[in-house]
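The next block is work-v1.cif, given as mmCIF, C-alpha atoms and all ligand atoms.
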```
data_start
#
loop_
_atom_site.label_atom_id
_atom_site.label_comp_id
_atom_site.auth_asym_id
_atom_site.auth_seq_id
_atom_site.Cartn_x
_atom_site.Cartn_y
_atom_site.Cartn_z
CA MET A 1 0.00 0.00 0.00
CA LEU A 2 1.55 3.22 -1.15
CA GLN A 3 1.21 6.41 0.77
CA PRO A 4 2.08 9.05 -1.81
CA SER A 5 1.14 11.93 0.46
CA LEU A 6 3.83 11.07 2.98
CA ARG A 7 7.15 12.45 1.85
CA ILE A 8 10.22 13.40 3.81
CA GLY A 9 10.23 16.81 2.19
CA ASP A 10 6.97 17.67 3.90
CA ALA A 11 8.69 17.67 7.26
CA VAL A 12 11.06 20.40 6.19
CA GLY A 13 9.13 23.61 6.64
CA THR A 14 10.12 27.09 7.59
CA PRO A 15 12.14 27.29 10.78
CA PRO A 16 10.49 28.80 13.83
CA SER A 17 10.64 32.56 13.69
CA ARG A 18 13.08 34.26 15.98
CA LYS A 19 13.30 37.83 16.97
CA GLY A 20 16.09 39.93 15.62
CA PRO A 21 18.05 39.73 12.43
CA ALA A 22 18.89 36.32 11.09
CA THR A 23 22.43 35.35 11.87
CA HIS A 24 24.25 32.12 11.63
CA ARG A 25 25.76 32.42 15.04
CA GLU A 26 26.03 29.36 17.12
CA MET A 27 27.36 28.47 20.47
CA VAL A 28 30.87 27.14 20.26
CA TRP A 29 33.31 25.77 22.79
CA VAL A 30 36.14 28.21 23.28
CA GLU A 31 39.52 27.35 24.68
CA GLY A 32 41.81 30.27 25.09
CA GLU A 33 44.65 31.29 27.31
CA TYR A 34 42.38 33.01 29.80
CA PHE A 35 38.99 31.57 29.02
CA ARG A 36 37.56 28.15 28.54
CA GLY A 37 33.87 27.73 28.02
CA TRP A 38 31.01 28.56 25.72
CA GLY A 39 31.24 31.43 23.32
CA CYS A 40 29.63 32.76 20.19
CA SER A 41 30.90 31.79 16.76
CA GLU A 42 30.24 35.28 15.39
CA CYS A 43 31.57 37.57 18.09
CA ALA A 44 33.67 37.59 21.22
CA TRP A 45 30.74 36.92 23.55
CA GLU A 46 31.60 34.39 26.18
CA PHE A 47 29.38 32.79 28.76
CA ARG A 48 30.53 33.54 32.25
CA PRO A 49 28.16 32.02 34.78
CA SER A 50 27.12 34.35 37.54
CA GLY A 51 27.76 32.43 40.67
CA PHE A 52 27.20 28.78 41.22
CA PRO A 53 24.26 27.15 39.43
CA GLU A 54 21.23 26.49 41.58
CA GLY A 55 20.04 22.99 42.26
CA ASP A 56 20.23 20.16 44.72
CA THR A 57 21.55 17.59 42.35
CA ILE A 58 24.13 17.59 39.58
CA ASP A 59 21.32 17.27 37.04
CA GLU A 60 19.47 20.29 38.44
CA MET A 61 22.65 22.33 38.48
CA LYS A 62 23.37 21.27 34.93
CA ASP A 63 19.86 22.29 33.88
CA ALA A 64 20.18 25.65 35.59
CA TYR A 65 23.58 26.21 34.01
CA GLU A 66 22.32 25.36 30.55
CA ARG A 67 19.21 27.52 30.93
CA GLN A 68 21.30 30.49 31.99
CA ARG A 69 23.79 29.85 29.22
CA ASP A 70 21.13 29.47 26.53
CA SER A 71 19.18 32.56 27.55
CA GLU A 72 22.31 34.70 27.72
CA PHE A 73 23.40 33.43 24.35
CA GLU A 74 19.99 34.18 22.87
CA SER A 75 19.88 37.67 24.30
CA HIS A 76 23.40 38.86 23.55
CA VAL A 77 23.87 41.17 20.58
CA CYS A 78 26.80 40.25 18.37
CA ALA A 79 27.20 43.84 17.17
CA LYS A 80 28.08 44.92 20.69
CA TYR A 81 31.03 42.61 20.90
CA PRO A 82 34.30 42.54 19.02
CA ILE A 83 34.59 40.07 16.19
CA ARG A 84 36.08 36.80 17.23
CA ARG A 85 39.44 36.19 15.63
ZN ZN B 101 27.56 36.74 19.13
#
```
In structure tokens, write the structure found in this file.
Ligand SMILES: [Zn+2]
Amino acid sequence: MLQPSLRIGDAVGTPPSRKGPATHREMVWVEGEYFRGWGCSECAWEFRPSGFPEGDTIDEMKDAYERQRDSEFESHVCAKYPIRR
């Protein structure tokens, strides 16, 4: 039984809309002389956690860390930072 209406291409739609101009920035792992952690591929933004992540377990702390990291990455503006070299 063929199902001609089901094609892989149908799953590829438009990506969810995001606020702000479209950039191809992504979070990258940065290892430098003075910094090791997550940074932006398009600018010199680096994630520096403020204090110790909250949580009672390693998993909760990891979640809190990742939430903070993701939201700071989403909200930073590449234009305000130097270009990463
Ligand atoms: Zn950036």
Nearest residue to ligand ZN 101 (chain B) out of A:Ile83, A:Cys78, A:Val28, A:Ala64, using all atoms listed in the file? A:Cys78
Pick from A:Phe35, A:Ser71, A:Cys43, A:Gly55: nearest to ligand ZN 101 (chain B), with all atoms listed in the file counted?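 With all atoms listed in the file as the atom set, the closest residue is A:Cys43.
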Within 8 Å of ligand ZN 101 (chain B) (all atoms listed in the file), residues as a list in words: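 Written in the requested form, the residues are Arg25, Glu26, Gly39, Cys40, Ser41, Glu42, Cys43, Ala44, Trp45, Phe73, His76, Val77, Cys78, Ala79 and Tyr81 of chain A.
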Selection export as a PDB file, in the coordinates of the input, atoms kept: C-alpha atoms:
```pdb
ATOM      1  CA  ARG A  25      25.760  32.420  15.040  1.00  0.00           C
ATOM      2  CA  GLU A  26      26.030  29.360  17.120  1.00  0.00           C
ATOM      3  CA  GLY A  39      31.240  31.430  23.320  1.00  0.00           C
ATOM      4  CA  CYS A  40      29.630  32.760  20.190  1.00  0.00           C
ATOM      5  CA  SER A  41      30.900  31.790  16.760  1.00  0.00           C
ATOM      6  CA  GLU A  42      30.240  35.280  15.390  1.00  0.00           C
ATOM      7  CA  CYS A  43      31.570  37.570  18.090  1.00  0.00           C
ATOM      8  CA  ALA A  44      33.670  37.590  21.220  1.00  0.00           C
ATOM      9  CA  TRP A  45      30.740  36.920  23.550  1.00  0.00           C
ATOM     10  CA  PHE A  73      23.400  33.430  24.350  1.00  0.00           C
ATOM     11  CA  HIS A  76      23.400  38.860  23.550  1.00  0.00           C
ATOM     12  CA  VAL A  77      23.870  41.170  20.580  1.00  0.00           C
ATOM     13  CA  CYS A  78      26.800  40.250  18.370  1.00  0.00           C
ATOM     14  CA  ALA A  79      27.200  43.840  17.170  1.00  0.00           C
ATOM     15  CA  TYR A  81      31.030  42.610  20.900  1.00  0.00           C
TER      16      TYR A  81
END
```
Atomic distance atom CA of Gly51 of chain A - atom CA of Ser75 of chain A, expressed in Å with one decimal: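 These two atoms are separated by 18.9 Å.
Distances from A:Val30, A:Pro82, A:Tyr65, A:Gly37 to Phe52 of chain A were compared using all atoms listed in the file, and the smallest one belongs to A:Tyr65.
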Calculate how many Å separate atom CA of Glu74 of chain A from atom CA of Phe47 of chain A, rounding to one decimal.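 Rounded to one decimal, the two atoms are 11.2 Å apart.
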Closest of A:Pro49, A:Glu31, A:Arg84, A:Ile58 to Glu72 of chain A - atom-to-atom distances counting all atoms listed in the file: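 Ranked by minimum distance to Glu72 of chain A, first place goes to A:Pro49.
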Padding of 3 Å on every side, edges along x, y and z, all listed atoms of segment 52-66 of chain A included: what centre and edge lengths in Å, to one decimal, does that box have, as AutoDock Vina command-line options?
```
--center_x 23.3 --center_y 23.0 --center_z 37.6 --size_x 13.7 --size_y 17.5 --size_z 20.2
```
As a PDB file, in the coordinates of the input, please: segment 49-81 of chain A completed to N, CA and C atoms.
```
ATOM      1  N   PRO A  49      29.257  32.246  33.830  1.00  0.00           N
ATOM      2  CA  PRO A  49      28.160  32.020  34.780  1.00  0.00           C
ATOM      3  C   PRO A  49      28.266  32.968  35.958  1.00  0.00           C
ATOM      4  N   SER A  50      27.115  33.492  36.357  1.00  0.00           N
ATOM      5  CA  SER A  50      27.120  34.350  37.540  1.00  0.00           C
ATOM      6  C   SER A  50      26.867  33.486  38.757  1.00  0.00           C
ATOM      7  N   GLY A  51      27.899  33.250  39.480  1.00  0.00           N
ATOM      8  CA  GLY A  51      27.760  32.430  40.670  1.00  0.00           C
ATOM      9  C   GLY A  51      27.633  30.956  40.357  1.00  0.00           C
ATOM     10  N   PHE A  52      27.308  30.227  41.345  1.00  0.00           N
ATOM     11  CA  PHE A  52      27.200  28.780  41.220  1.00  0.00           C
ATOM     12  C   PHE A  52      25.786  28.427  40.790  1.00  0.00           C
ATOM     13  N   PRO A  53      25.629  27.496  39.858  1.00  0.00           N
ATOM     14  CA  PRO A  53      24.260  27.150  39.430  1.00  0.00           C
ATOM     15  C   PRO A  53      23.423  26.603  40.572  1.00  0.00           C
ATOM     16  N   GLU A  54      22.133  26.970  40.538  1.00  0.00           N
ATOM     17  CA  GLU A  54      21.230  26.490  41.580  1.00  0.00           C
ATOM     18  C   GLU A  54      20.838  25.048  41.335  1.00  0.00           C
ATOM     19  N   GLY A  55      20.500  24.365  42.401  1.00  0.00           N
ATOM     20  CA  GLY A  55      20.040  22.990  42.260  1.00  0.00           C
ATOM     21  C   GLY A  55      20.573  22.119  43.371  1.00  0.00           C
ATOM     22  N   ASP A  56      19.832  21.077  43.653  1.00  0.00           N
ATOM     23  CA  ASP A  56      20.230  20.160  44.720  1.00  0.00           C
ATOM     24  C   ASP A  56      21.021  18.981  44.199  1.00  0.00           C
ATOM     25  N   THR A  57      20.839  18.722  42.928  1.00  0.00           N
ATOM     26  CA  THR A  57      21.550  17.590  42.350  1.00  0.00           C
ATOM     27  C   THR A  57      22.381  18.080  41.164  1.00  0.00           C
ATOM     28  N   ILE A  58      23.301  17.247  40.738  1.00  0.00           N
ATOM     29  CA  ILE A  58      24.130  17.590  39.580  1.00  0.00           C
ATOM     30  C   ILE A  58      23.243  17.890  38.375  1.00  0.00           C
ATOM     31  N   ASP A  59      22.200  17.066  38.193  1.00  0.00           N
ATOM     32  CA  ASP A  59      21.320  17.270  37.040  1.00  0.00           C
ATOM     33  C   ASP A  59      20.622  18.625  37.104  1.00  0.00           C
ATOM     34  N   GLU A  60      20.151  18.994  38.302  1.00  0.00           N
ATOM     35  CA  GLU A  60      19.470  20.290  38.440  1.00  0.00           C
ATOM     36  C   GLU A  60      20.437  21.442  38.195  1.00  0.00           C
ATOM     37  N   MET A  61      21.651  21.283  38.691  1.00  0.00           N
ATOM     38  CA  MET A  61      22.650  22.330  38.480  1.00  0.00           C
ATOM     39  C   MET A  61      22.997  22.432  37.002  1.00  0.00           C
ATOM     40  N   LYS A  62      23.066  21.294  36.358  1.00  0.00           N
ATOM     41  CA  LYS A  62      23.370  21.270  34.930  1.00  0.00           C
ATOM     42  C   LYS A  62      22.249  21.954  34.147  1.00  0.00           C
ATOM     43  N   ASP A  63      21.005  21.647  34.521  1.00  0.00           N
ATOM     44  CA  ASP A  63      19.860  22.290  33.880  1.00  0.00           C
ATOM     45  C   ASP A  63      19.905  23.800  34.062  1.00  0.00           C
ATOM     46  N   ALA A  64      20.159  24.221  35.302  1.00  0.00           N
ATOM     47  CA  ALA A  64      20.180  25.650  35.590  1.00  0.00           C
ATOM     48  C   ALA A  64      21.301  26.330  34.810  1.00  0.00           C
ATOM     49  N   TYR A  65      22.436  25.684  34.753  1.00  0.00           N
ATOM     50  CA  TYR A  65      23.580  26.210  34.010  1.00  0.00           C
ATOM     51  C   TYR A  65      23.237  26.357  32.537  1.00  0.00           C
ATOM     52  N   GLU A  66      22.634  25.324  31.978  1.00  0.00           N
ATOM     53  CA  GLU A  66      22.320  25.360  30.550  1.00  0.00           C
ATOM     54  C   GLU A  66      21.234  26.379  30.237  1.00  0.00           C
ATOM     55  N   ARG A  67      20.251  26.517  31.153  1.00  0.00           N
ATOM     56  CA  ARG A  67      19.210  27.520  30.930  1.00  0.00           C
ATOM     57  C   ARG A  67      19.802  28.922  30.914  1.00  0.00           C
ATOM     58  N   GLN A  68      20.668  29.178  31.906  1.00  0.00           N
ATOM     59  CA  GLN A  68      21.300  30.490  31.990  1.00  0.00           C
ATOM     60  C   GLN A  68      22.162  30.745  30.749  1.00  0.00           C
ATOM     61  N   ARG A  69      22.919  29.733  30.376  1.00  0.00           N
ATOM     62  CA  ARG A  69      23.790  29.850  29.220  1.00  0.00           C
ATOM     63  C   ARG A  69      22.975  30.122  27.950  1.00  0.00           C
ATOM     64  N   ASP A  70      21.931  29.316  27.742  1.00  0.00           N
ATOM     65  CA  ASP A  70      21.130  29.470  26.530  1.00  0.00           C
ATOM     66  C   ASP A  70      20.453  30.825  26.464  1.00  0.00           C
ATOM     67  N   SER A  71      19.908  31.292  27.594  1.00  0.00           N
ATOM     68  CA  SER A  71      19.180  32.560  27.550  1.00  0.00           C
ATOM     69  C   SER A  71      20.151  33.716  27.350  1.00  0.00           C
ATOM     70  N   GLU A  72      21.342  33.616  27.930  1.00  0.00           N
ATOM     71  CA  GLU A  72      22.310  34.700  27.720  1.00  0.00           C
ATOM     72  C   GLU A  72      22.823  34.688  26.280  1.00  0.00           C
ATOM     73  N   PHE A  73      22.968  33.507  25.739  1.00  0.00           N
ATOM     74  CA  PHE A  73      23.400  33.430  24.350  1.00  0.00           C
ATOM     75  C   PHE A  73      22.341  34.021  23.432  1.00  0.00           C
ATOM     76  N   GLU A  74      21.086  33.671  23.692  1.00  0.00           N
ATOM     77  CA  GLU A  74      19.990  34.180  22.870  1.00  0.00           C
ATOM     78  C   GLU A  74      19.877  35.697  22.945  1.00  0.00           C
ATOM     79  N   SER A  75      20.151  36.251  24.119  1.00  0.00           N
ATOM     80  CA  SER A  75      19.880  37.670  24.300  1.00  0.00           C
ATOM     81  C   SER A  75      21.077  38.564  23.997  1.00  0.00           C
ATOM     82  N   HIS A  76      22.265  37.980  23.827  1.00  0.00           N
ATOM     83  CA  HIS A  76      23.400  38.860  23.550  1.00  0.00           C
ATOM     84  C   HIS A  76      23.308  39.379  22.115  1.00  0.00           C
ATOM     85  N   VAL A  77      23.898  40.551  21.904  1.00  0.00           N
ATOM     86  CA  VAL A  77      23.870  41.170  20.580  1.00  0.00           C
ATOM     87  C   VAL A  77      25.290  41.160  20.020  1.00  0.00           C
ATOM     88  N   CYS A  78      25.462  40.417  18.937  1.00  0.00           N
ATOM     89  CA  CYS A  78      26.800  40.250  18.370  1.00  0.00           C
ATOM     90  C   CYS A  78      27.459  41.590  18.048  1.00  0.00           C
ATOM     91  N   ALA A  79      26.647  42.544  17.594  1.00  0.00           N
ATOM     92  CA  ALA A  79      27.200  43.840  17.170  1.00  0.00           C
ATOM     93  C   ALA A  79      27.875  44.579  18.312  1.00  0.00           C
ATOM     94  N   LYS A  80      27.508  44.216  19.541  1.00  0.00           N
ATOM     95  CA  LYS A  80      28.080  44.920  20.690  1.00  0.00           C
ATOM     96  C   LYS A  80      29.413  44.343  21.127  1.00  0.00           C
ATOM     97  N   TYR A  81      29.797  43.268  20.493  1.00  0.00           N
ATOM     98  CA  TYR A  81      31.030  42.610  20.900  1.00  0.00           C
ATOM     99  C   TYR A  81      32.038  42.675  19.753  1.00  0.00           C
TER     100      TYR A  81
END
```
